[in-house]
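Student: Contents of start-v8.cif (mmCIF, C-alpha atoms):
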data_run
#
loop_
_atom_site.label_atom_id
_atom_site.label_comp_id
_atom_site.auth_asym_id
_atom_site.auth_seq_id
_atom_site.Cartn_x
_atom_site.Cartn_y
_atom_site.Cartn_z
CA LEU D 1 -95.23 -6.82 -55.28
CA ALA D 2 -93.42 -9.60 -53.40
CA LYS D 3 -89.73 -8.83 -53.10
CA THR D 4 -87.31 -11.45 -54.34
CA THR D 5 -83.70 -12.11 -53.40
CA GLN D 6 -81.15 -13.79 -55.66
CA PRO D 7 -77.38 -14.23 -55.66
CA ILE D 8 -75.62 -11.35 -57.36
CA SER D 9 -73.42 -13.57 -59.50
CA MET D 10 -72.61 -17.18 -60.33
CA ASP D 11 -70.00 -18.95 -62.44
CA SER D 12 -70.32 -22.35 -64.07
CA TYR D 13 -68.51 -24.46 -66.65
CA GLU D 14 -69.89 -25.36 -70.02
CA GLY D 15 -71.96 -28.52 -70.12
CA GLN D 16 -72.98 -28.42 -66.48
CA GLU D 17 -76.41 -27.93 -65.02
CA VAL D 18 -76.89 -24.56 -63.35
CA ASN D 19 -79.39 -23.92 -60.58
CA ILE D 20 -80.22 -20.35 -59.58
CA THR D 21 -82.22 -20.00 -56.39
CA CYS D 22 -84.57 -17.15 -55.63
CA SER D 23 -86.03 -16.36 -52.20
CA HIS D 24 -89.48 -14.82 -51.86
CA ASN D 25 -90.51 -15.15 -48.23
CA ASN D 26 -93.48 -12.77 -48.52
CA ILE D 27 -94.97 -14.18 -51.67
CA ALA D 28 -98.74 -13.70 -51.97
CA THR D 29 -101.26 -16.40 -52.76
CA ASN D 30 -101.88 -15.08 -56.26
CA ASP D 31 -98.23 -14.45 -57.17
CA TYR D 32 -96.58 -16.37 -59.98
CA ILE D 33 -92.82 -16.91 -60.13
CA THR D 34 -91.46 -15.63 -63.41
CA TRP D 35 -87.92 -15.67 -64.78
CA TYR D 36 -86.36 -13.48 -67.44
CA GLN D 37 -82.97 -13.56 -69.16
CA GLN D 38 -81.15 -10.45 -70.34
CA PHE D 39 -78.09 -10.13 -72.56
CA PRO D 40 -76.07 -6.89 -72.60
CA SER D 41 -77.77 -4.02 -74.42
CA GLN D 42 -80.89 -6.09 -75.11
CA GLY D 43 -84.33 -6.26 -73.57
CA PRO D 44 -85.14 -9.07 -71.11
CA ARG D 45 -86.53 -12.27 -72.56
CA PHE D 46 -89.19 -14.36 -70.81
CA ILE D 47 -87.89 -17.82 -69.88
CA ILE D 48 -90.42 -19.60 -67.69
CA GLN D 49 -93.25 -19.08 -65.23
CA GLY D 50 -94.83 -21.25 -62.56
CA TYR D 51 -97.06 -21.30 -59.49
CA LYS D 52 -95.98 -24.44 -57.63
CA THR D 53 -94.24 -27.82 -58.05
CA LYS D 54 -92.35 -28.14 -61.32
CA VAL D 55 -92.63 -26.53 -64.72
CA THR D 56 -90.46 -27.49 -67.68
CA ASN D 57 -90.09 -26.06 -71.16
CA GLU D 58 -87.56 -26.36 -73.95
CA VAL D 59 -84.98 -24.13 -72.27
CA ALA D 60 -85.36 -24.50 -68.48
CA SER D 61 -87.11 -26.03 -65.52
CA LEU D 62 -88.60 -24.22 -62.56
CA PHE D 63 -88.94 -25.90 -59.17
CA ILE D 64 -91.21 -24.35 -56.53
CA PRO D 65 -91.59 -26.17 -53.18
CA ALA D 66 -94.90 -26.45 -51.38
CA ASP D 67 -94.28 -23.46 -49.09
CA ARG D 68 -93.47 -21.29 -52.14
CA LYS D 69 -90.93 -19.27 -50.17
CA SER D 70 -88.24 -20.01 -52.71
CA SER D 71 -87.83 -21.28 -56.24
CA THR D 72 -85.02 -22.66 -58.39
CA LEU D 73 -84.38 -22.05 -62.05
CA SER D 74 -82.53 -24.98 -63.59
CA LEU D 75 -80.62 -24.61 -66.87
CA PRO D 76 -79.48 -27.99 -68.23
CA ARG D 77 -76.08 -28.33 -69.93
CA VAL D 78 -75.25 -24.66 -70.18
CA SER D 79 -73.19 -23.19 -73.00
CA LEU D 80 -71.25 -19.94 -73.37
CA SER D 81 -74.34 -18.33 -74.89
CA ASP D 82 -76.16 -18.72 -71.57
CA THR D 83 -73.95 -16.02 -70.06
CA ALA D 84 -76.48 -13.35 -69.09
CA VAL D 85 -78.35 -11.75 -66.21
CA TYR D 86 -81.28 -13.76 -64.89
CA TYR D 87 -84.15 -12.07 -63.09
CA CYS D 88 -86.64 -13.69 -60.72
CA LEU D 89 -89.97 -11.91 -60.28
CA ALA D 90 -93.04 -12.60 -58.18
CA LEU D 91 -95.82 -11.43 -60.44
CA GLN D 92 -99.37 -10.90 -59.24
CA THR D 93 -102.37 -12.06 -61.20
CA GLY D 94 -103.41 -9.27 -63.51
CA ALA D 95 -100.47 -7.10 -62.52
CA ASN D 96 -98.54 -5.28 -65.16
CA ASN D 97 -95.89 -3.45 -63.13
CA LEU D 98 -92.84 -5.67 -63.08
CA PHE D 99 -90.05 -5.04 -60.59
CA PHE D 100 -86.86 -6.61 -61.90
CA GLY D 101 -84.34 -6.10 -59.10
CA THR D 102 -80.62 -6.59 -59.75
CA GLY D 103 -80.82 -10.18 -60.99
CA THR D 104 -78.10 -12.87 -61.03
CA ARG D 105 -75.19 -12.40 -63.40
CA LEU D 106 -74.36 -15.90 -64.70
CA THR D 107 -70.98 -16.39 -66.35
CA ILE D 108 -70.27 -19.61 -68.23
CA ILE D 109 -66.62 -20.59 -68.34
CA PRO D 110 -65.21 -22.58 -71.29
CA GLU L 1 -91.64 -7.99 -89.00
CA THR L 2 -92.47 -9.77 -85.76
CA GLY L 3 -92.25 -9.07 -82.04
CA VAL L 4 -91.47 -5.65 -80.66
CA THR L 5 -89.42 -3.19 -82.67
CA GLN L 6 -87.83 0.06 -81.55
CA THR L 7 -86.34 2.94 -83.50
CA PRO L 8 -83.83 4.38 -83.48
CA ARG L 9 -81.46 1.84 -81.96
CA HIS L 10 -78.96 4.53 -81.03
CA LEU L 11 -79.51 8.24 -80.41
CA VAL L 12 -77.17 11.03 -79.42
CA MET L 13 -78.78 14.32 -78.54
CA GLY L 14 -77.89 17.59 -76.93
CA MET L 15 -79.66 18.89 -73.87
CA THR L 16 -81.65 21.43 -75.90
CA ASN L 17 -82.83 18.99 -78.57
CA LYS L 18 -86.25 17.42 -79.00
CA LYS L 19 -86.42 13.83 -80.18
CA SER L 20 -88.83 10.92 -80.09
CA LEU L 21 -88.40 7.20 -79.55
CA LYS L 22 -90.76 4.87 -81.35
CA CYS L 23 -91.98 1.42 -80.42
CA GLU L 24 -94.21 -0.91 -82.40
CA GLN L 25 -95.54 -4.29 -81.39
CA HIS L 26 -96.78 -6.91 -83.85
CA LEU L 27 -98.11 -9.36 -81.26
CA GLY L 28 -101.69 -8.20 -80.92
CA HIS L 29 -101.15 -7.18 -77.30
CA ASN L 30 -103.22 -4.57 -75.50
CA ALA L 31 -100.64 -3.18 -73.05
CA MET L 32 -97.37 -1.38 -73.69
CA TYR L 33 -94.60 -0.16 -71.40
CA TRP L 34 -91.53 2.07 -71.28
CA TYR L 35 -88.57 1.09 -69.09
CA LYS L 36 -85.28 2.83 -68.42
CA GLN L 37 -82.10 0.88 -67.71
CA SER L 38 -79.07 2.87 -66.59
CA ALA L 39 -75.62 1.33 -66.44
CA LYS L 40 -75.41 -1.41 -63.80
CA LYS L 41 -78.86 -0.59 -62.42
CA PRO L 42 -82.12 -2.52 -62.44
CA LEU L 43 -84.77 -1.80 -64.98
CA GLU L 44 -87.03 1.07 -63.93
CA LEU L 45 -90.63 1.07 -65.08
CA MET L 46 -91.56 4.51 -66.46
CA PHE L 47 -95.02 4.30 -68.06
CA VAL L 48 -97.74 1.74 -68.63
CA TYR L 49 -100.54 1.92 -71.19
CA ASN L 50 -103.53 -0.43 -71.15
CA PHE L 51 -105.83 -0.19 -74.17
CA LYS L 52 -104.17 3.14 -75.06
CA GLU L 53 -104.88 4.60 -71.61
CA GLN L 54 -101.98 5.51 -69.38
CA THR L 55 -102.35 3.62 -66.13
CA GLU L 56 -98.98 4.22 -64.50
CA ASN L 57 -96.48 7.03 -64.37
CA ASN L 58 -93.74 6.23 -61.89
CA SER L 59 -92.75 9.79 -60.96
CA VAL L 60 -91.07 10.34 -64.29
CA PRO L 61 -89.86 13.92 -64.96
CA SER L 62 -92.00 15.91 -67.39
CA ARG L 63 -89.13 16.10 -69.88
CA PHE L 64 -90.26 12.56 -70.81
CA SER L 65 -93.67 12.58 -72.50
CA PRO L 66 -95.28 9.32 -73.64
CA GLU L 67 -97.86 8.95 -76.38
CA CYS L 68 -99.89 5.90 -77.31
CA PRO L 69 -102.03 6.55 -80.41
CA ASN L 70 -103.19 2.93 -80.66
CA SER L 71 -102.49 -0.41 -79.03
CA SER L 72 -99.67 -1.20 -81.46
CA HIS L 73 -97.62 1.99 -81.23
CA LEU L 74 -95.93 3.79 -78.37
CA PHE L 75 -93.78 6.89 -78.44
CA LEU L 76 -91.53 8.58 -75.91
CA HIS L 77 -91.02 12.26 -76.63
CA LEU L 78 -87.84 13.73 -75.19
CA HIS L 79 -86.99 17.38 -74.59
CA THR L 80 -84.38 19.29 -72.57
CA LEU L 81 -82.86 16.10 -71.24
CA GLN L 82 -79.99 15.90 -68.77
CA PRO L 83 -76.78 13.85 -69.09
CA GLU L 84 -78.05 11.52 -66.35
CA ASP L 85 -80.89 10.55 -68.68
CA SER L 86 -78.41 8.64 -70.81
CA ALA L 87 -79.51 5.03 -70.66
CA LEU L 88 -81.03 2.12 -72.54
CA TYR L 89 -84.75 2.75 -73.07
CA LEU L 90 -86.76 -0.41 -73.47
CA CYS L 91 -90.27 -0.85 -74.77
CA ALA L 92 -92.35 -3.91 -73.93
CA SER L 93 -95.83 -5.23 -74.61
CA SER L 94 -98.08 -7.83 -73.05
CA GLN L 95 -101.63 -9.11 -73.09
CA MET L 96 -103.59 -7.87 -70.11
CA GLY L 97 -105.91 -10.42 -68.54
CA ARG L 98 -107.51 -11.43 -65.28
CA GLU L 99 -106.64 -15.10 -65.53
CA GLY L 100 -103.04 -14.67 -64.55
CA PRO L 101 -99.95 -12.54 -65.14
CA ARG L 102 -98.88 -12.17 -68.70
CA GLU L 103 -95.25 -12.22 -69.64
CA GLN L 104 -93.88 -9.11 -71.27
CA TYR L 105 -92.07 -9.10 -74.59
CA PHE L 106 -89.30 -6.55 -74.91
CA GLY L 107 -87.88 -4.68 -77.85
CA PRO L 108 -84.14 -4.35 -78.48
CA GLY L 109 -84.01 -0.92 -76.87
CA THR L 110 -82.75 2.51 -77.82
CA ARG L 111 -79.32 3.45 -76.49
CA LEU L 112 -79.64 7.16 -75.66
CA THR L 113 -76.69 9.42 -75.00
CA VAL L 114 -77.30 12.99 -73.85
CA THR L 115 -74.37 15.34 -74.37
#
Mind converting the file's structure to structure tokens?

Tutor:
Amino acid sequence: LAKTTQPISMDSYEGQEVNITCSHNNIATNDYITWYQQFPSQGPRFIIQGYKTKVTNEVASLFIPADRKSSTLSLPRVSLSDTAVYYCLALQTGANNLFFGTGTRLTIIP
Amino acid sequence: ETGVTQTPRHLVMGMTNKKSLKCEQHLGHNAMYWYKQSAKKPLELMFVYNFKEQTENNSVPSRFSPECPNSSHLFLHLHTLQPEDSALYLCASSQMGREGPREQYFGPGTRLTVT
């Protein structure tokens, strides 16, 4: 599994756009970048997944540059309910053993 | 009921007790997983089942015994646990395929306290 590196914590104010960057210098050709969100005492929840360029869904966008050595999760207009831990994973095709790491603890300030 | 369910949600047990955690998925997936999450630590993968066959056991002590009778149900049998086994135990399921990684769907977890 490709190892990923993320900031341990981030703070942001309500209504702002939040960008969380993940580094994955040793990403393999068949790795997908996958992000999960976890609230306290709950299981992680899948947010978004991508291979390259940009992916957007109803909750977030994922930007992956051409060299794929990093990626950025973008959360538009965050609210207090977005306070959670966000995990970046590099997931191989067909793999089922996820390594979550320590994630980024995002705190939204009123 | 939809998604992944786990029972019980909370469990307190002594070190000499035997208990079981139950997980059920209603998503038609063919793979199921047990994870352990201790306080302020990353999730640790414990067991993986693909089509009811155990494919991974990440050096988990034998006091944890998984059982997967079918692709919708997964159990974790517990016996003679230690206080350091207190944690949030999470079950997940996914659809295994060759075409690309499949996201996992997690249950709410069982908060286990060993006294």

Student: Near range 82-95 of chain L, within 9 Å and counting only C-alpha atoms, which residues show up once chain neighbours fewer than 2 positions away are dropped, as a PyMOL selection string?

Tutor: (chain D and resi 41-43+96) or (chain L and resi 4-6+14-15+21-25+27-39+43+72+74+80+97+101-115)

Student: When the PyMOL selection byres ((chain D) within 12 of (chain L)) is applied to the structure above, which residues does it catch, written out as an MDAnalysis selection string?

Tutor: chainID D and resid 8 30:51 85:87 89:105

Student: Could you list, as a PyMOL selection string, every residue within 7 Å of range 57-60 of chain D, counting all atoms listed in the file and ignoring same-chain residues fewer than 2 positions away?

Tutor: chain D and resi 55+62+73-76

Student: Taking all atoms of range 83-93 of chain D that appear in the file, build a box with edges along x, y and z, extend it by 6 Å on every side, and state its centre and edge lengths in Å to one decimal, as lines of an AutoDock Vina configuration file.

Tutor:
center_x = -88.2
center_y = -13.5
center_z = -64.1
size_x = 40.4
size_y = 17.1
size_z = 23.9

Student: Name the residues captured by the PyMOL selection byres ((chain D and resi 13) around 12) when it is applied to the shown file; answer as a PyMOL selection string.

Tutor: chain D and resi 10-12+14-18+76-83+106-110

Student: Kindly give the distance, in Å, that separates CA of Ser59 in chain L and CA of Gln6 in chain D, rounded to a single decimal.

Tutor: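 Answer for the CA of Ser59 in chain L to CA of Gln6 in chain D separation: 26.8 Å.
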
Student: When you get a chance, write out N, CA and C atoms for range 18-51 of chain D, as a PDB file, in the frame of the given file.

Tutor:
ATOM      1  N   VAL D  18     -76.982 -25.724 -64.244  1.00  0.00           N
ATOM      2  CA  VAL D  18     -76.890 -24.560 -63.350  1.00  0.00           C
ATOM      3  C   VAL D  18     -78.239 -24.369 -62.666  1.00  0.00           C
ATOM      4  N   ASN D  19     -78.179 -24.184 -61.364  1.00  0.00           N
ATOM      5  CA  ASN D  19     -79.390 -23.920 -60.580  1.00  0.00           C
ATOM      6  C   ASN D  19     -79.263 -22.559 -59.911  1.00  0.00           C
ATOM      7  N   ILE D  20     -80.195 -21.684 -60.188  1.00  0.00           N
ATOM      8  CA  ILE D  20     -80.220 -20.350 -59.580  1.00  0.00           C
ATOM      9  C   ILE D  20     -81.425 -20.294 -58.660  1.00  0.00           C
ATOM     10  N   THR D  21     -81.154 -20.024 -57.383  1.00  0.00           N
ATOM     11  CA  THR D  21     -82.220 -20.000 -56.390  1.00  0.00           C
ATOM     12  C   THR D  21     -82.687 -18.577 -56.125  1.00  0.00           C
ATOM     13  N   CYS D  22     -83.972 -18.447 -55.917  1.00  0.00           N
ATOM     14  CA  CYS D  22     -84.570 -17.150 -55.630  1.00  0.00           C
ATOM     15  C   CYS D  22     -85.402 -17.292 -54.347  1.00  0.00           C
ATOM     16  N   SER D  23     -85.248 -16.356 -53.437  1.00  0.00           N
ATOM     17  CA  SER D  23     -86.030 -16.360 -52.200  1.00  0.00           C
ATOM     18  C   SER D  23     -87.146 -15.334 -52.293  1.00  0.00           C
ATOM     19  N   HIS D  24     -88.320 -15.734 -51.855  1.00  0.00           N
ATOM     20  CA  HIS D  24     -89.480 -14.820 -51.860  1.00  0.00           C
ATOM     21  C   HIS D  24     -90.347 -15.162 -50.661  1.00  0.00           C
ATOM     22  N   ASN D  25     -89.861 -14.770 -49.480  1.00  0.00           N
ATOM     23  CA  ASN D  25     -90.510 -15.150 -48.230  1.00  0.00           C
ATOM     24  C   ASN D  25     -91.916 -14.587 -48.078  1.00  0.00           C
ATOM     25  N   ASN D  26     -92.181 -13.431 -48.700  1.00  0.00           N
ATOM     26  CA  ASN D  26     -93.480 -12.770 -48.520  1.00  0.00           C
ATOM     27  C   ASN D  26     -94.383 -12.926 -49.738  1.00  0.00           C
ATOM     28  N   ILE D  27     -94.192 -13.998 -50.462  1.00  0.00           N
ATOM     29  CA  ILE D  27     -94.970 -14.180 -51.670  1.00  0.00           C
ATOM     30  C   ILE D  27     -96.465 -14.297 -51.340  1.00  0.00           C
ATOM     31  N   ALA D  28     -97.293 -13.676 -52.175  1.00  0.00           N
ATOM     32  CA  ALA D  28     -98.740 -13.700 -51.970  1.00  0.00           C
ATOM     33  C   ALA D  28     -99.365 -14.898 -52.674  1.00  0.00           C
ATOM     34  N   THR D  29    -100.580 -15.224 -52.242  1.00  0.00           N
ATOM     35  CA  THR D  29    -101.260 -16.400 -52.760  1.00  0.00           C
ATOM     36  C   THR D  29    -101.409 -16.362 -54.275  1.00  0.00           C
ATOM     37  N   ASN D  30    -101.636 -15.168 -54.827  1.00  0.00           N
ATOM     38  CA  ASN D  30    -101.880 -15.080 -56.260  1.00  0.00           C
ATOM     39  C   ASN D  30    -100.646 -14.638 -57.057  1.00  0.00           C
ATOM     40  N   ASP D  31     -99.468 -14.777 -56.464  1.00  0.00           N
ATOM     41  CA  ASP D  31     -98.230 -14.450 -57.170  1.00  0.00           C
ATOM     42  C   ASP D  31     -97.729 -15.644 -57.977  1.00  0.00           C
ATOM     43  N   TYR D  32     -97.234 -15.368 -59.166  1.00  0.00           N
ATOM     44  CA  TYR D  32     -96.580 -16.370 -59.980  1.00  0.00           C
ATOM     45  C   TYR D  32     -95.081 -16.068 -60.009  1.00  0.00           C
ATOM     46  N   ILE D  33     -94.252 -17.101 -60.023  1.00  0.00           N
ATOM     47  CA  ILE D  33     -92.820 -16.910 -60.130  1.00  0.00           C
ATOM     48  C   ILE D  33     -92.460 -16.896 -61.608  1.00  0.00           C
ATOM     49  N   THR D  34     -91.766 -15.844 -61.997  1.00  0.00           N
ATOM     50  CA  THR D  34     -91.460 -15.630 -63.410  1.00  0.00           C
ATOM     51  C   THR D  34     -89.983 -15.305 -63.555  1.00  0.00           C
ATOM     52  N   TRP D  35     -89.354 -15.902 -64.540  1.00  0.00           N
ATOM     53  CA  TRP D  35     -87.920 -15.670 -64.780  1.00  0.00           C
ATOM     54  C   TRP D  35     -87.705 -15.076 -66.162  1.00  0.00           C
ATOM     55  N   TYR D  36     -86.779 -14.099 -66.200  1.00  0.00           N
ATOM     56  CA  TYR D  36     -86.360 -13.480 -67.440  1.00  0.00           C
ATOM     57  C   TYR D  36     -84.846 -13.590 -67.584  1.00  0.00           C
ATOM     58  N   GLN D  37     -84.395 -13.533 -68.829  1.00  0.00           N
ATOM     59  CA  GLN D  37     -82.970 -13.560 -69.160  1.00  0.00           C
ATOM     60  C   GLN D  37     -82.660 -12.280 -69.929  1.00  0.00           C
ATOM     61  N   GLN D  38     -81.523 -11.648 -69.610  1.00  0.00           N
ATOM     62  CA  GLN D  38     -81.150 -10.450 -70.340  1.00  0.00           C
ATOM     63  C   GLN D  38     -79.682 -10.488 -70.732  1.00  0.00           C
ATOM     64  N   PHE D  39     -79.446 -10.296 -72.037  1.00  0.00           N
ATOM     65  CA  PHE D  39     -78.090 -10.130 -72.560  1.00  0.00           C
ATOM     66  C   PHE D  39     -77.747  -8.656 -72.576  1.00  0.00           C
ATOM     67  N   PRO D  40     -76.463  -8.311 -72.591  1.00  0.00           N
ATOM     68  CA  PRO D  40     -76.070  -6.890 -72.600  1.00  0.00           C
ATOM     69  C   PRO D  40     -76.693  -6.119 -73.745  1.00  0.00           C
ATOM     70  N   SER D  41     -77.186  -4.939 -73.437  1.00  0.00           N
ATOM     71  CA  SER D  41     -77.770  -4.020 -74.420  1.00  0.00           C
ATOM     72  C   SER D  41     -78.959  -4.619 -75.164  1.00  0.00           C
ATOM     73  N   GLN D  42     -79.659  -5.529 -74.545  1.00  0.00           N
ATOM     74  CA  GLN D  42     -80.890  -6.090 -75.110  1.00  0.00           C
ATOM     75  C   GLN D  42     -81.986  -6.057 -74.061  1.00  0.00           C
ATOM     76  N   GLY D  43     -83.227  -6.173 -74.507  1.00  0.00           N
ATOM     77  CA  GLY D  43     -84.330  -6.260 -73.570  1.00  0.00           C
ATOM     78  C   GLY D  43     -84.406  -7.638 -72.947  1.00  0.00           C
ATOM     79  N   PRO D  44     -84.960  -7.758 -71.743  1.00  0.00           N
ATOM     80  CA  PRO D  44     -85.140  -9.070 -71.110  1.00  0.00           C
ATOM     81  C   PRO D  44     -86.016  -9.981 -71.953  1.00  0.00           C
ATOM     82  N   ARG D  45     -85.764 -11.270 -71.822  1.00  0.00           N
ATOM     83  CA  ARG D  45     -86.530 -12.270 -72.560  1.00  0.00           C
ATOM     84  C   ARG D  45     -87.166 -13.228 -71.569  1.00  0.00           C
ATOM     85  N   PHE D  46     -88.464 -13.446 -71.687  1.00  0.00           N
ATOM     86  CA  PHE D  46     -89.190 -14.360 -70.810  1.00  0.00           C
ATOM     87  C   PHE D  46     -88.643 -15.777 -70.971  1.00  0.00           C
ATOM     88  N   ILE D  47     -88.385 -16.444 -69.828  1.00  0.00           N
ATOM     89  CA  ILE D  47     -87.890 -17.820 -69.880  1.00  0.00           C
ATOM     90  C   ILE D  47     -88.977 -18.804 -69.455  1.00  0.00           C
ATOM     91  N   ILE D  48     -89.517 -18.607 -68.243  1.00  0.00           N
ATOM     92  CA  ILE D  48     -90.420 -19.600 -67.690  1.00  0.00           C
ATOM     93  C   ILE D  48     -91.229 -18.990 -66.556  1.00  0.00           C
ATOM     94  N   GLN D  49     -92.380 -19.582 -66.298  1.00  0.00           N
ATOM     95  CA  GLN D  49     -93.250 -19.080 -65.230  1.00  0.00           C
ATOM     96  C   GLN D  49     -93.952 -20.261 -64.570  1.00  0.00           C
ATOM     97  N   GLY D  50     -94.143 -20.163 -63.243  1.00  0.00           N
ATOM     98  CA  GLY D  50     -94.830 -21.250 -62.560  1.00  0.00           C
ATOM     99  C   GLY D  50     -95.486 -20.781 -61.279  1.00  0.00           C
ATOM    100  N   TYR D  51     -96.383 -21.617 -60.738  1.00  0.00           N
ATOM    101  CA  TYR D  51     -97.060 -21.300 -59.490  1.00  0.00           C
ATOM    102  C   TYR D  51     -96.583 -22.206 -58.353  1.00  0.00           C
TER     103      TYR D  51
END
